[in-house]
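Visitor: File name input_5.cif; file contents mmCIF, C-alpha atoms; full text below.
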```cif
data_coords
loop_
_atom_site.label_atom_id
_atom_site.label_comp_id
_atom_site.auth_asym_id
_atom_site.auth_seq_id
_atom_site.Cartn_x
_atom_site.Cartn_y
_atom_site.Cartn_z
CA MET F 1 100.45 167.11 113.32
CA ARG F 2 101.32 163.64 111.87
CA THR F 3 104.46 163.45 109.79
CA LYS F 4 104.82 161.57 106.52
CA ALA F 5 106.82 158.88 108.32
CA ASP F 6 103.97 158.34 110.78
CA ALA F 7 101.36 158.17 108.03
CA ALA F 8 103.28 155.65 105.91
CA PRO F 9 102.40 151.99 106.61
CA SER F 10 105.15 149.84 108.10
CA PRO F 11 107.03 147.39 105.83
CA LEU F 12 105.45 144.53 107.80
CA LYS F 13 101.95 145.68 106.95
CA ARG F 14 102.91 145.99 103.26
CA SER F 15 104.27 142.41 103.21
CA PRO F 16 102.35 140.14 100.79
CA PHE F 17 102.59 137.27 103.28
CA VAL F 18 100.96 139.33 106.03
CA LYS F 19 98.18 140.41 103.67
CA LYS F 20 97.59 136.81 102.66
CA LEU F 21 97.65 135.74 106.32
CA VAL F 22 95.06 138.34 107.30
CA LYS F 23 92.88 137.56 104.29
CA SER F 24 92.87 133.77 104.85
CA TRP F 25 93.28 133.59 108.64
CA GLN F 26 90.51 130.97 108.93
CA LEU F 27 92.53 128.50 106.86
CA TYR F 28 95.62 129.05 108.99
CA VAL F 29 93.59 128.47 112.15
CA LEU F 30 92.33 125.16 110.72
CA MET F 31 95.90 124.20 109.87
CA ALA F 32 97.22 125.12 113.33
CA LEU F 33 95.84 122.06 115.16
CA PRO F 34 97.28 119.34 112.87
CA PHE F 35 100.53 121.32 112.67
CA LEU F 36 100.68 121.41 116.48
CA TYR F 37 100.01 117.65 116.52
CA LEU F 38 102.97 117.05 114.22
CA ILE F 39 105.24 119.20 116.37
CA VAL F 40 104.24 117.63 119.70
CA PHE F 41 103.93 113.97 118.70
CA LYS F 42 106.32 113.66 115.73
CA TYR F 43 109.16 116.17 116.05
CA VAL F 44 109.55 116.65 119.81
CA PRO F 45 110.02 112.87 120.39
CA MET F 46 113.00 112.97 118.02
CA TYR F 47 114.93 114.48 120.92
CA GLY F 48 114.70 111.16 122.75
CA ALA F 49 115.91 109.16 119.74
CA GLN F 50 119.49 109.90 120.77
CA ILE F 51 119.28 107.24 123.50
CA ALA F 52 119.67 104.70 120.68
CA PHE F 53 123.33 105.76 120.66
CA LYS F 54 123.68 105.82 124.45
CA ASN F 55 123.62 103.42 127.36
CA PHE F 56 120.52 105.10 128.79
CA VAL F 57 120.14 105.11 132.57
CA VAL F 58 116.97 106.69 133.97
CA THR F 59 118.74 108.24 136.97
CA LYS F 60 121.33 109.92 134.73
CA GLY F 61 118.83 111.20 132.17
CA ILE F 62 119.30 111.48 128.41
CA TRP F 63 122.17 113.96 128.48
CA GLY F 64 123.96 112.29 131.39
CA SER F 65 123.99 108.79 129.90
CA ASP F 66 127.18 107.53 128.25
CA TRP F 67 127.58 107.41 124.47
CA VAL F 68 128.07 103.91 123.03
CA GLY F 69 127.81 104.67 119.29
CA LEU F 70 126.32 101.89 117.17
CA LYS F 71 126.60 99.23 119.86
CA HIS F 72 122.84 98.60 120.11
CA PHE F 73 122.41 98.45 116.32
CA GLU F 74 125.20 95.88 116.06
CA ARG F 75 123.63 93.89 118.89
CA PHE F 76 120.31 93.74 117.07
CA VAL F 77 121.80 92.82 113.66
CA ASN F 78 123.96 90.10 115.23
CA SER F 79 121.19 88.74 117.47
CA TYR F 80 119.67 85.29 117.01
CA ASP F 81 116.19 86.77 116.41
CA PHE F 82 117.17 89.34 113.77
CA TRP F 83 116.61 87.38 110.55
CA ARG F 84 113.47 85.65 111.82
CA ILE F 85 111.86 88.92 112.90
CA LEU F 86 112.90 90.75 109.72
CA LYS F 87 111.61 87.89 107.55
CA ASN F 88 108.25 87.82 109.35
CA THR F 89 107.89 91.59 109.03
CA LEU F 90 108.72 91.64 105.31
CA ILE F 91 106.49 88.66 104.49
CA LEU F 92 103.54 90.18 106.31
CA SER F 93 104.13 93.64 104.81
CA PHE F 94 104.57 92.56 101.19
CA TYR F 95 101.70 90.08 101.43
CA ASN F 96 99.45 92.82 102.80
CA LEU F 97 100.60 95.31 100.14
CA ILE F 98 100.15 92.93 97.20
CA ALA F 99 96.82 91.52 98.39
CA GLY F 100 95.31 94.75 99.66
CA PHE F 101 96.35 97.27 97.01
CA PRO F 102 94.21 96.13 93.99
CA PHE F 103 90.89 95.60 95.81
CA PRO F 104 90.11 99.28 96.59
CA ILE F 105 90.70 100.08 92.91
CA LEU F 106 88.41 97.26 91.77
CA LEU F 107 85.72 98.28 94.26
CA ALA F 108 85.93 101.93 93.15
CA LEU F 109 85.60 100.92 89.48
CA GLY F 110 82.59 98.74 90.27
CA LEU F 111 80.84 101.44 92.31
CA ASN F 112 81.53 104.00 89.58
CA TYR F 113 79.41 102.06 87.07
CA LEU F 114 76.45 101.23 89.32
CA ARG F 115 73.27 102.90 88.09
CA SER F 116 71.19 102.45 91.23
CA ASN F 117 72.09 105.11 93.80
CA ALA F 118 70.34 103.17 96.57
CA TYR F 119 72.34 100.02 95.85
CA ARG F 120 75.58 102.02 95.58
CA LYS F 121 74.99 103.64 98.97
CA ALA F 122 74.16 100.25 100.52
CA VAL F 123 77.41 98.73 99.18
CA GLN F 124 79.40 101.72 100.38
CA MET F 125 77.89 101.48 103.86
CA VAL F 126 78.60 97.75 104.12
CA THR F 127 82.21 98.11 102.94
CA TYR F 128 83.01 101.32 104.86
CA ALA F 129 81.60 100.22 108.23
CA PRO F 130 84.32 97.66 109.22
CA HIS F 131 86.98 100.40 109.04
CA PHE F 132 85.45 102.08 112.10
CA ILE F 133 85.39 98.92 114.22
CA SER F 134 88.03 98.79 116.94
CA VAL F 135 91.01 96.51 116.32
CA VAL F 136 90.27 94.71 119.58
CA VAL F 137 86.72 93.98 118.43
CA VAL F 138 87.91 92.79 115.01
CA VAL F 139 90.41 90.39 116.60
CA GLY F 140 87.66 89.12 118.93
CA ILE F 141 85.42 88.46 115.91
CA ILE F 142 88.23 86.63 114.11
CA LYS F 143 88.92 84.40 117.10
CA GLU F 144 85.25 83.59 117.55
CA LEU F 145 84.79 82.74 113.86
CA LEU F 146 87.89 80.52 113.76
CA ASP F 147 87.43 78.83 117.15
CA PRO F 148 88.02 75.05 116.79
CA ARG F 149 84.98 74.14 118.94
CA ILE F 150 82.29 76.79 118.44
CA GLY F 151 83.54 78.80 115.44
CA ILE F 152 81.18 79.03 112.48
CA VAL F 153 84.03 78.35 110.03
CA ASN F 154 84.79 74.98 111.62
CA LYS F 155 81.05 74.24 111.83
CA LEU F 156 80.79 74.69 108.05
CA LEU F 157 83.92 72.62 107.46
CA GLY F 158 82.45 69.91 109.67
CA LEU F 159 79.42 69.68 107.36
CA LEU F 160 81.89 68.92 104.56
CA GLY F 161 83.68 66.31 106.64
CA ILE F 162 86.74 68.50 107.27
CA GLY F 163 88.25 69.58 110.53
CA PRO F 164 88.14 70.86 113.10
CA ILE F 165 91.15 73.05 112.29
CA ASN F 166 92.94 75.18 114.87
CA PHE F 167 93.51 78.15 112.57
CA MET F 168 95.15 80.31 115.25
CA GLY F 169 97.55 77.49 116.06
CA GLU F 170 98.71 76.93 112.48
CA ILE F 171 101.91 78.87 111.85
CA SER F 172 101.41 78.85 108.06
CA MET F 173 97.92 80.40 108.35
CA PHE F 174 98.80 83.42 110.50
CA SER F 175 99.81 85.75 107.65
CA SER F 176 96.69 84.90 105.61
CA ILE F 177 94.41 85.45 108.60
CA TYR F 178 96.00 88.83 109.27
CA VAL F 179 96.08 90.03 105.64
CA TRP F 180 92.62 88.99 104.47
CA SER F 181 90.90 90.24 107.61
CA ASP F 182 92.75 93.53 107.06
CA VAL F 183 91.55 93.66 103.44
CA TRP F 184 87.96 93.11 104.60
CA GLN F 185 88.24 95.81 107.24
CA HIS F 186 89.82 98.58 105.13
CA VAL F 187 88.93 97.95 101.48
CA GLY F 188 85.85 100.20 101.54
CA PHE F 189 87.53 103.13 103.24
CA ASN F 190 90.64 102.91 101.04
CA CYS F 191 88.57 103.08 97.86
CA ILE F 192 87.22 106.55 98.71
CA ILE F 193 90.26 108.31 97.26
CA PHE F 194 89.96 106.33 94.01
CA ILE F 195 86.25 107.19 93.74
CA ALA F 196 87.24 110.86 94.04
CA ALA F 197 89.88 110.39 91.33
CA LEU F 198 87.33 108.74 89.03
CA ALA F 199 84.93 111.63 89.56
CA ALA F 200 87.63 114.03 88.28
CA ILE F 201 87.86 112.27 84.88
CA ASP F 202 86.33 114.29 82.06
CA PRO F 203 82.88 112.79 81.17
CA ALA F 204 83.49 113.76 77.53
CA GLN F 205 86.00 110.90 77.26
CA HIS F 206 83.34 108.36 78.26
CA GLU F 207 80.79 109.94 75.92
CA ALA F 208 83.21 109.67 73.00
CA ALA F 209 84.03 106.07 73.92
CA VAL F 210 80.33 105.13 74.07
CA VAL F 211 79.79 106.70 70.63
CA ASP F 212 82.66 104.59 69.30
CA GLY F 213 81.03 101.46 70.72
CA ALA F 214 83.42 100.82 73.62
CA SER F 215 82.19 98.41 76.31
CA LYS F 216 82.39 99.13 80.04
CA LEU F 217 85.49 96.98 80.35
CA ARG F 218 87.18 98.90 77.52
CA ARG F 219 86.27 102.20 79.16
CA MET F 220 87.68 101.00 82.46
CA TRP F 221 90.92 99.86 80.82
CA HIS F 222 91.54 102.82 78.52
CA ILE F 223 89.95 105.73 80.44
CA ASP F 224 89.45 104.99 84.14
CA LEU F 225 92.66 103.14 84.94
CA PRO F 226 94.96 105.68 83.21
CA GLY F 227 93.00 108.45 84.94
CA ILE F 228 93.59 107.10 88.45
CA MET F 229 97.06 105.67 87.80
CA PRO F 230 98.96 108.76 89.09
CA MET F 231 97.04 108.57 92.36
CA ALA F 232 97.62 104.82 92.59
CA ILE F 233 101.38 105.27 92.10
CA ILE F 234 101.54 107.98 94.78
CA LEU F 235 99.73 105.70 97.25
CA LEU F 236 101.99 102.79 96.31
CA ILE F 237 105.08 104.92 97.01
CA LEU F 238 103.66 105.98 100.38
CA ASN F 239 102.75 102.40 101.29
CA THR F 240 106.25 101.25 100.35
CA GLY F 241 107.64 103.84 102.76
CA HIS F 242 105.74 102.05 105.54
CA ILE F 243 106.71 98.54 104.49
CA LEU F 244 108.10 97.72 107.96
CA ASP F 245 105.21 99.37 109.80
CA VAL F 246 102.91 96.40 110.17
CA GLY F 247 99.79 96.87 112.32
CA PHE F 248 101.30 96.46 115.79
CA GLU F 249 98.07 96.19 117.82
CA LYS F 250 96.43 93.58 115.60
CA VAL F 251 99.53 91.40 115.36
CA LEU F 252 100.04 91.53 119.12
CA LEU F 253 96.43 90.57 119.80
CA LEU F 254 96.54 87.69 117.31
CA GLN F 255 99.77 86.31 118.77
CA ASN F 256 99.88 83.20 120.93
CA PRO F 257 102.71 80.89 122.03
CA ILE F 258 101.97 78.50 119.14
CA ASN F 259 102.13 80.96 116.21
CA LEU F 260 104.83 83.19 117.74
CA LYS F 261 107.44 81.81 115.35
CA ALA F 262 105.58 83.42 112.41
CA SER F 263 103.90 86.36 114.17
CA GLU F 264 106.83 88.02 115.92
CA ILE F 265 107.59 91.24 114.00
CA ILE F 266 109.80 94.24 114.68
CA ASP F 267 107.10 96.31 116.38
CA THR F 268 106.02 93.57 118.79
CA TYR F 269 109.67 92.74 119.52
CA VAL F 270 110.39 96.40 120.36
CA TYR F 271 107.34 96.48 122.65
CA LYS F 272 108.44 93.37 124.52
CA VAL F 273 112.09 94.40 124.83
CA GLY F 274 111.37 97.99 125.83
CA LEU F 275 108.28 97.70 128.02
CA THR F 276 107.32 94.17 129.09
CA ALA F 277 110.74 92.64 129.75
CA GLN F 278 111.81 92.08 133.35
CA VAL F 279 114.68 94.51 132.76
CA ALA F 280 113.47 97.15 130.26
CA ASN F 281 116.19 98.10 127.78
CA TYR F 282 115.12 101.47 126.42
CA SER F 283 118.28 102.12 124.42
CA TYR F 284 118.13 98.77 122.64
CA SER F 285 114.43 99.07 121.78
CA THR F 286 114.92 102.66 120.56
CA ALA F 287 117.79 101.53 118.33
CA ILE F 288 115.57 98.85 116.76
CA GLY F 289 112.80 101.38 116.13
CA LEU F 290 115.28 103.84 114.61
CA PHE F 291 116.71 101.09 112.42
CA LYS F 292 113.20 100.38 111.10
CA SER F 293 112.57 104.07 110.39
CA VAL F 294 115.83 104.45 108.45
CA ILE F 295 115.01 101.42 106.29
CA ASN F 296 111.53 102.80 105.60
CA LEU F 297 112.99 106.16 104.58
CA ALA F 298 115.52 104.49 102.27
CA LEU F 299 112.75 102.45 100.60
CA LEU F 300 110.59 105.56 100.17
CA LEU F 301 113.40 107.52 98.52
CA THR F 302 114.33 104.57 96.28
CA VAL F 303 110.81 103.89 95.02
CA ASN F 304 110.18 107.61 94.48
CA LYS F 305 113.42 107.85 92.46
CA LEU F 306 112.39 104.84 90.34
CA ALA F 307 109.04 106.52 89.66
CA GLN F 308 110.88 109.64 88.49
CA LYS F 309 113.17 107.58 86.24
CA THR F 310 110.19 105.89 84.59
CA ARG F 311 108.43 109.28 84.21
CA GLN F 312 105.57 108.24 86.46
CA ALA F 313 103.90 110.30 89.17
CA SER F 314 106.13 110.86 92.20
CA LEU F 315 106.05 112.65 95.55
CA TRP F 316 108.57 115.30 94.40
#
```
Here is a file; write its structure as structure tokens.

Guide:
Amino acid sequence: MRTKADAAPSPLKRSPFVKKLVKSWQLYVLMALPFLYLIVFKYVPMYGAQIAFKNFVVTKGIWGSDWVGLKHFERFVNSYDFWRILKNTLILSFYNLIAGFPFPILLALGLNYLRSNAYRKAVQMVTYAPHFISVVVVVGIIKELLDPRIGIVNKLLGLLGIGPINFMGEISMFSSIYVWSDVWQHVGFNCIIFIAALAAIDPAQHEAAVVDGASKLRRMWHIDLPGIMPMAIILLILNTGHILDVGFEKVLLLQNPINLKASEIIDTYVYKVGLTAQVANYSYSTAIGLFKSVINLALLLTVNKLAQKTRQASLW
């Protein structure tokens, strides 16, 4: 015969967490793959970040290499290229942030007031499509359009008696070429989250505004913009946390010996020092990458704290 102890369920089975896990196991299965991705590609590589503080030798391995402290960080800060690379990275990042941040909001507001569903879908398709084009293809298109001999841009300028202009050889034009091509490529996809935020606004507010005689511009200013402002601030904080993470692939593909003075950024410098140099310096390149990550984290925490002080939306 079964005793009372045998009949009683175990404490583990009575646990609320276990009950919730069993009830919603499908959601946990869906979450498992991205969680595994974070572990394998984000957290496990942190083990190798310690070579930034060592004189890494491949034959000795990570643990066997000698500790050198902050030697590689000091070398980077005191190097001839430090201020030029940091300036290029900050200029490109802030330019991209300032130029690219308002356009998804404006596009979302415009699409929100279109009455024709067919026209709205056509605009969405045209603006979303460039996001899914490979970076290599986009850079190829840019170079073809701006080619001094056969590019359509110089052909049009020639009709006006201007040019030809070697856009890719002009140092002052590199940042604008990068930023505005990036805006064109991603503006449609980035506006999706703002369209979703606009859809969450209570329609009763618009109905009351229409009754009071408010125009579309007034409704945008007093209803739509305040409604999506918390989401916009959250995205701004997140973008600020990646201020030094400029698009590495696109910058590298747009680089040439002429515009290198303005196009060399931290990511491309790390790539060249760590992988393409005649003598690869893994410790030095890792230290530069870690330096960039620490600065990004400090900026993220600072901007989030400022948002809290001003009683705006924040990450935590």

Visitor: So that I can see what lies close to range 96-108 of chain F, please list as number ranges by chain the residues with an atom at most 8 Å from it, counting all atoms listed in the file and leaving out residues fewer than 4 positions away in the same chain.

Guide: F: 92, 112, 179-180, 182-183, 187-188, 190-192, 194-195, 236, 239

Visitor: On this file, the PyMOL selection byres ((chain F and resi 113) around 12) gives some set of residues; write that set as a PDB file with C-alpha atoms, in the frame of the given file.

Guide:
```pdb
ATOM      1  CA  LEU F 106      88.410  97.260  91.770  1.00  0.00           C
ATOM      2  CA  LEU F 107      85.720  98.280  94.260  1.00  0.00           C
ATOM      3  CA  ALA F 108      85.930 101.930  93.150  1.00  0.00           C
ATOM      4  CA  LEU F 109      85.600 100.920  89.480  1.00  0.00           C
ATOM      5  CA  GLY F 110      82.590  98.740  90.270  1.00  0.00           C
ATOM      6  CA  LEU F 111      80.840 101.440  92.310  1.00  0.00           C
ATOM      7  CA  ASN F 112      81.530 104.000  89.580  1.00  0.00           C
ATOM      8  CA  LEU F 114      76.450 101.230  89.320  1.00  0.00           C
ATOM      9  CA  ARG F 115      73.270 102.900  88.090  1.00  0.00           C
ATOM     10  CA  SER F 116      71.190 102.450  91.230  1.00  0.00           C
ATOM     11  CA  ASN F 117      72.090 105.110  93.800  1.00  0.00           C
ATOM     12  CA  TYR F 119      72.340 100.020  95.850  1.00  0.00           C
ATOM     13  CA  ARG F 120      75.580 102.020  95.580  1.00  0.00           C
ATOM     14  CA  ILE F 195      86.250 107.190  93.740  1.00  0.00           C
ATOM     15  CA  LEU F 198      87.330 108.740  89.030  1.00  0.00           C
ATOM     16  CA  ALA F 199      84.930 111.630  89.560  1.00  0.00           C
ATOM     17  CA  HIS F 206      83.340 108.360  78.260  1.00  0.00           C
ATOM     18  CA  SER F 215      82.190  98.410  76.310  1.00  0.00           C
ATOM     19  CA  LYS F 216      82.390  99.130  80.040  1.00  0.00           C
ATOM     20  CA  LEU F 217      85.490  96.980  80.350  1.00  0.00           C
ATOM     21  CA  ARG F 219      86.270 102.200  79.160  1.00  0.00           C
ATOM     22  CA  MET F 220      87.680 101.000  82.460  1.00  0.00           C
ATOM     23  CA  ASP F 224      89.450 104.990  84.140  1.00  0.00           C
TER      24      ASP F 224
END
```

Visitor: Do a neighbour search on Ser175 in chain F at 9 Å with only C-alpha atoms, toss out local chain neighbours closer than 6 positions, and write the hits as a list of chain:residue names.

Guide: F:Asn88, F:Ile91, F:Leu92, F:Tyr95, F:Asn96, F:Ala262, F:Ser263

Visitor: Would you mind reading off the distance between CA of Ala232 in chain F and CA of Ile193 in chain F, one decimal, in Å?

Guide: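 Distance reported for this atom pair: 9.4 Å.
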
Visitor: Which range 242-273 of chain F residues have any atom within 12 Å of an atom of range 77-84 of chain F, and for each, what is the nearest pair of atoms with distance in Å to one decimal, counting only C-alpha atoms, rows sorted by chain and number, as a tab-separated table?

Guide:
```
residue	atom	partner	partner_atom	distance
F:Leu260	CA	F:Arg84	CA	10.8
F:Lys261	CA	F:Arg84	CA	8.0
F:Ala262	CA	F:Arg84	CA	8.2
F:Ser263	CA	F:Arg84	CA	9.9
F:Glu264	CA	F:Arg84	CA	8.2
F:Ile265	CA	F:Arg84	CA	8.4
F:Ile266	CA	F:Phe82	CA	8.9
F:Tyr269	CA	F:Asp81	CA	9.4
F:Val270	CA	F:Phe82	CA	11.8
```

Visitor: Go through F:Pro148, F:Pro203, F:Pro130, F:Pro45 and flag the residue nearest Phe189 in chain F, using all atoms listed in the file for the distances.

Guide: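 Selected residue with least distance to Phe189 in chain F: F:Pro130.
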
Visitor: Take the PyMOL selection byres ((chain F and resi 292) around 12), apply it to the structure above, and return the hits as a ChimeraX atom specification.

Guide: /F:73,76-77,85-86,89-90,241-246,265-267,269-270,285-291,293-299

Visitor: Taking into account only C-alpha atoms, which residue in the set F:Glu249, F:Ala307, F:Ala209, F:Leu300 is nearest to Ile233 in chain F?

Guide: F:Ala307

Visitor: Report, in Å with one decimal, the straight-line distance from CA of Val18 in chain F to CA of Phe41 in chain F.

Guide: 28.5 Å
